[in-house]
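Participant: Contents of protein.pdb (PDB, C-alpha atoms):
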```pdb
MODEL        1
ATOM      1  CA  GLN A   1       0.000   0.000   0.000
ATOM      2  CA  ASN A   2       2.671   2.530   1.007
ATOM      3  CA  SER A   3       4.869   1.605  -1.960
ATOM      4  CA  ALA A   4       1.989   2.228  -4.379
ATOM      5  CA  GLN A   5       1.272   5.610  -2.797
ATOM      6  CA  THR A   6       4.957   6.553  -2.919
ATOM      7  CA  ALA A   7       5.207   5.594  -6.599
ATOM      8  CA  MET A   8       2.092   7.604  -7.461
ATOM      9  CA  LEU A   9       3.245  10.623  -5.432
ATOM     10  CA  LEU A  10       6.696  10.664  -7.063
ATOM     11  CA  ASP A  11       5.127  10.381 -10.509
ATOM     12  CA  ASN A  12       2.723  13.263  -9.784
ATOM     13  CA  PHE A  13       5.583  15.453  -8.512
ATOM     14  CA  ARG A  14       7.611  14.666 -11.642
ATOM     15  CA  MET A  15       4.719  15.523 -13.966
ATOM     16  CA  ASP A  16       4.092  18.803 -12.083
ATOM     17  CA  GLY A  17       7.802  19.696 -12.201
ATOM     18  CA  LEU A  18       8.205  19.804  -8.420
ATOM     19  CA  PRO A  19      11.530  18.925  -6.756
ATOM     20  CA  VAL A  20      11.413  16.236  -4.069
ATOM     21  CA  ILE A  21      13.205  15.866  -0.738
ATOM     22  CA  ILE A  22      12.979  12.375   0.758
ATOM     23  CA  ILE A  23      14.021  11.794   4.364
ATOM     24  CA  ILE A  24      14.291   8.031   4.485
ATOM     25  CA  ASN A  25      14.681   5.380   7.158
ATOM     26  CA  ILE A  26      13.665   2.088   5.600
ATOM     27  CA  ARG A  27      14.862  -1.459   5.143
ATOM     28  CA  ARG A  28      13.703  -4.871   4.030
ATOM     29  CA  LEU A  29      12.380  -4.740   0.525
ATOM     30  CA  SER A  30      13.675  -8.230   0.027
ATOM     31  CA  GLY A  31      12.175  -9.530  -3.181
ATOM     32  CA  GLY A  32      10.935 -12.722  -1.572
ATOM     33  CA  THR A  33       7.695 -14.575  -2.221
ATOM     34  CA  LYS A  34       5.752 -12.498   0.295
ATOM     35  CA  ASP A  35       6.827  -9.249  -1.384
ATOM     36  CA  MET A  36       5.859 -10.622  -4.794
ATOM     37  CA  PHE A  37       2.463 -11.714  -3.497
ATOM     38  CA  ASN A  38       1.834  -8.292  -1.963
ATOM     39  CA  VAL A  39       2.866  -6.552  -5.232
ATOM     40  CA  ILE A  40       5.599  -4.658  -3.370
ATOM     41  CA  LEU A  41       8.169  -5.459  -6.052
ATOM     42  CA  THR A  42       5.903  -4.061  -8.757
ATOM     43  CA  GLN A  43       5.557  -0.792  -6.857
ATOM     44  CA  GLY A  44       9.319  -0.686  -6.268
ATOM     45  CA  ALA A  45       9.778  -1.030 -10.031
ATOM     46  CA  ARG A  46       7.318   1.858 -10.544
ATOM     47  CA  ILE A  47       9.396   4.005  -8.178
ATOM     48  CA  ILE A  48      12.571   3.136 -10.113
ATOM     49  CA  HIS A  49      10.836   3.894 -13.434
ATOM     50  CA  THR A  50       9.689   7.304 -12.168
ATOM     51  CA  LEU A  51      13.098   8.208 -10.729
ATOM     52  CA  SER A  52      14.916   7.134 -13.895
ATOM     53  CA  ALA A  53      12.873   9.517 -16.073
ATOM     54  CA  ASP A  54      13.934  13.105 -16.636
ATOM     55  CA  GLY A  55      12.451  15.610 -14.246
ATOM     56  CA  PRO A  56      13.158  17.950 -11.358
ATOM     57  CA  PRO A  57      15.829  17.088  -8.796
ATOM     58  CA  VAL A  58      15.338  14.500  -6.066
ATOM     59  CA  TRP A  59      17.335  14.782  -2.855
ATOM     60  CA  ILE A  60      17.493  11.774  -0.556
ATOM     61  CA  TYR A  61      18.680  12.174   3.027
ATOM     62  CA  ILE A  62      19.291   9.453   5.612
ATOM     63  CA  PRO A  63      19.024  11.031   9.096
ATOM     64  CA  PRO A  64      21.214  10.210  12.116
ATOM     65  CA  TYR A  65      20.835   6.560  13.112
ATOM     66  CA  GLY A  66      18.595   5.997  10.082
ATOM     67  CA  GLN A  67      18.996   2.975   7.836
ATOM     68  CA  LEU A  68      18.646   2.356   4.132
ATOM     69  CA  ARG A  69      19.143  -1.357   3.547
ATOM     70  CA  GLY A  70      18.239  -4.227   1.296
ATOM     71  CA  GLY A  71      16.024  -3.740  -1.713
ATOM     72  CA  ALA A  72      15.020  -0.287  -0.463
ATOM     73  CA  PHE A  73      18.621   0.844  -1.096
ATOM     74  CA  VAL A  74      18.355  -0.362  -4.687
ATOM     75  CA  VAL A  75      15.017   1.386  -5.301
ATOM     76  CA  VAL A  76      16.223   4.894  -4.389
ATOM     77  CA  SER A  77      19.897   4.593  -5.315
ATOM     78  CA  SER A  78      21.475   7.614  -6.979
ATOM     79  CA  THR A  79      22.880   5.300  -9.671
ATOM     80  CA  ILE A  80      19.378   5.135 -11.179
ATOM     81  CA  ASN A  81      19.711   8.701 -12.485
ATOM     82  CA  LYS A  82      22.922  10.465 -11.438
ATOM     83  CA  ASP A  83      21.842  13.759 -13.003
ATOM     84  CA  ARG A  84      18.586  13.877 -11.040
ATOM     85  CA  ILE A  85      19.108  12.030  -7.737
ATOM     86  CA  LYS A  86      21.525  13.219  -5.057
ATOM     87  CA  MET A  87      21.994  11.194  -1.871
ATOM     88  CA  TYR A  88      23.175  12.558   1.467
ATOM     89  CA  SER A  89      23.455  10.937   4.865
ATOM     90  CA  SER A  90      24.370  11.699   8.415
ATOM     91  CA  PRO A  91      27.748  10.296   9.487
ATOM     92  CA  PHE A  92      25.773   8.193  11.968
ATOM     93  CA  ALA A  93      23.460   6.656   9.350
ATOM     94  CA  SER A  94      23.986   3.228   7.833
ATOM     95  CA  MET A  95      23.210   1.949   4.368
ATOM     96  CA  GLY A  96      23.971  -1.004   2.181
ATOM     97  CA  ILE A  97      22.429  -3.798   0.195
ATOM     98  CA  LEU A  98      22.967  -6.493   2.827
ATOM     99  CA  GLU A  99      21.428  -6.556   6.280
ATOM    100  CA  PRO A 100      24.116  -6.730   9.019
ATOM    101  CA  SER A 101      23.119 -10.313   9.850
ATOM    102  CA  ALA A 102      23.537 -11.353   6.201
ATOM    103  CA  ALA A 103      26.866  -9.565   5.846
ATOM    104  CA  SER A 104      28.239 -11.379   8.884
ATOM    105  CA  LYS A 105      27.465 -14.766   7.296
ATOM    106  CA  ILE A 106      29.520 -14.221   4.122
ATOM    107  CA  ILE A 107      32.179 -16.883   3.847
ATOM    108  CA  TRP A 108      35.433 -15.737   2.293
ATOM    109  CA  LYS A 109      37.692 -18.025   0.316
ATOM    110  CA  LYS A 110      41.314 -18.121   1.444
ATOM    111  CA  SER A 111      42.472 -16.389  -1.772
ATOM    112  CA  ASP A 112      39.896 -13.599  -1.262
ATOM    113  CA  GLN A 113      41.006 -13.095   2.330
ATOM    114  CA  GLU A 114      44.601 -12.610   1.210
ATOM    115  CA  TYR A 115      43.516 -10.183  -1.518
ATOM    116  CA  TYR A 116      41.427  -8.190   0.973
ATOM    117  CA  GLN A 117      44.371  -7.975   3.375
ATOM    118  CA  ILE A 118      46.571  -6.587   0.589
ATOM    119  CA  LEU A 119      43.938  -3.925  -0.233
ATOM    120  CA  THR A 120      43.471  -2.839   3.367
ATOM    121  CA  THR A 121      47.140  -2.556   4.332
TER     122      THR A 121
ENDMDL
END
```
As a first step, turn the structure in this file into structure tokens.
Facilitator:
Amino acid sequence: QNSAQTAMLLDNFRMDGLPVIIIINIRRLSGGTKDMFNVILTQGARIIHTLSADGPPVWIYIPPYGQLRGGAFVVVSSTINKDRIKMYSSPFASMGILEPSAASKIIWKKSDQEYYQILTT
């Protein structure tokens, strides 16, 4: 429901030529079966389609201790339209595609561990 309203609102703002400021604190747009059943992925695609079109600027801000994770990060990423979307965040905000619990379960191969150590030293 909220994703559909967001997609429609962003599209209306674009058609009216109004700039948008989004203060975001969201996570868990996973792309699983439940999200497909609830048509959340379709609405996420509508948001991406609207943001990728030409229009007025869109500023996205992640407030202190806010999060932008998972599929939600992909939906509003500035890489969708670098000329239109600008992202800003508080130094205390966190964002990324993986949830912290998923990132902690990544298993590194021995060769990748050595390569990572070379890059970080």
Participant: Taking the file as shown, find all residues satisfying the PyMOL selection byres ((chain A and resi 73) around 9) and write them as a PyMOL selection string.
Facilitator: chain A and resi 26-27+29+68-72+74-77+95-97
Participant: What's the separation between atom CA of Ser78 of chain A and atom CA of Val58 of chain A, in Å to one decimal place?
Facilitator: 9.3 Å
Participant: Pick from A:Thr6, A:Ser90, A:Arg84, A:Pro56: nearest to Leu18 of chain A, with all atoms listed in the file counted?
Facilitator: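 Selected residue with least distance to Leu18 of chain A: A:Pro56.
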Participant: Could you name the residues that touch Ala53 of chain A at 10 Å or less, counting all atoms listed in the file, but leaving out those on the same chain fewer than 4 positions away, as a list in words?
Facilitator: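 Here the answer would be Asp11, Arg14, Ile48, His49, Ile80, Asn81 and Arg84 of chain A.
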Participant: So the first atom is atom CA of Trp59 of chain A and the second is atom CA of Gly17 of chain A; what is the distance between them in Å, to one decimal place?
Facilitator: 14.2 Å
Participant: Please measure the separation of atom CA of Tyr61 of chain A and atom CA of Leu10 of chain A, giving the value in Å to one decimal.
Facilitator: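 Atom CA of Leu10 of chain A lies at a distance of 15.7 Å from atom CA of Tyr61 of chain A.
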Participant: Can you work out which one of A:Phe92, A:Ile85, A:Pro63, A:Asn12 has the shortest atom-to-atom distance to Ile24 of chain A, counting all atoms listed in the file?
Facilitator: A:Pro63
Participant: Let me know the residues the PyMOL selection byres ((chain A and resi 65) around 10) catches in the file above, as JSON, numbers by chain.
Facilitator: {"A": [25, 62, 63, 64, 66, 67, 89, 90, 91, 92, 93, 94]}
Participant: May I have the residues from that selection written out with C-alpha atoms, as an mmCIF file, in the frame of the given file?
Facilitator:
```cif
data_model
loop_
_atom_site.group_PDB
_atom_site.id
_atom_site.type_symbol
_atom_site.label_atom_id
_atom_site.label_comp_id
_atom_site.auth_asym_id
_atom_site.auth_seq_id
_atom_site.Cartn_x
_atom_site.Cartn_y
_atom_site.Cartn_z
ATOM 1 C CA ASN A 25 14.681 5.380 7.158
ATOM 2 C CA ILE A 62 19.291 9.453 5.612
ATOM 3 C CA PRO A 63 19.024 11.031 9.096
ATOM 4 C CA PRO A 64 21.214 10.210 12.116
ATOM 5 C CA GLY A 66 18.595 5.997 10.082
ATOM 6 C CA GLN A 67 18.996 2.975 7.836
ATOM 7 C CA SER A 89 23.455 10.937 4.865
ATOM 8 C CA SER A 90 24.370 11.699 8.415
ATOM 9 C CA PRO A 91 27.748 10.296 9.487
ATOM 10 C CA PHE A 92 25.773 8.193 11.968
ATOM 11 C CA ALA A 93 23.460 6.656 9.350
ATOM 12 C CA SER A 94 23.986 3.228 7.833
#
```
Participant: Mind checking which residues fall within 8 Å of Gly44 of chain A, counting only C-alpha atoms, ignoring those fewer than 3 positions away in the same chain, and posting them as a ChimeraX atom specification?
Facilitator: /A:3,7,40-41,47-48,75
Participant: With all atoms listed in the file as the atoms that count, which of A:Met8, A:Ala45, A:Leu51, A:Ile22 lies nearest to Tyr88 of chain A?
Facilitator: A:Ile22
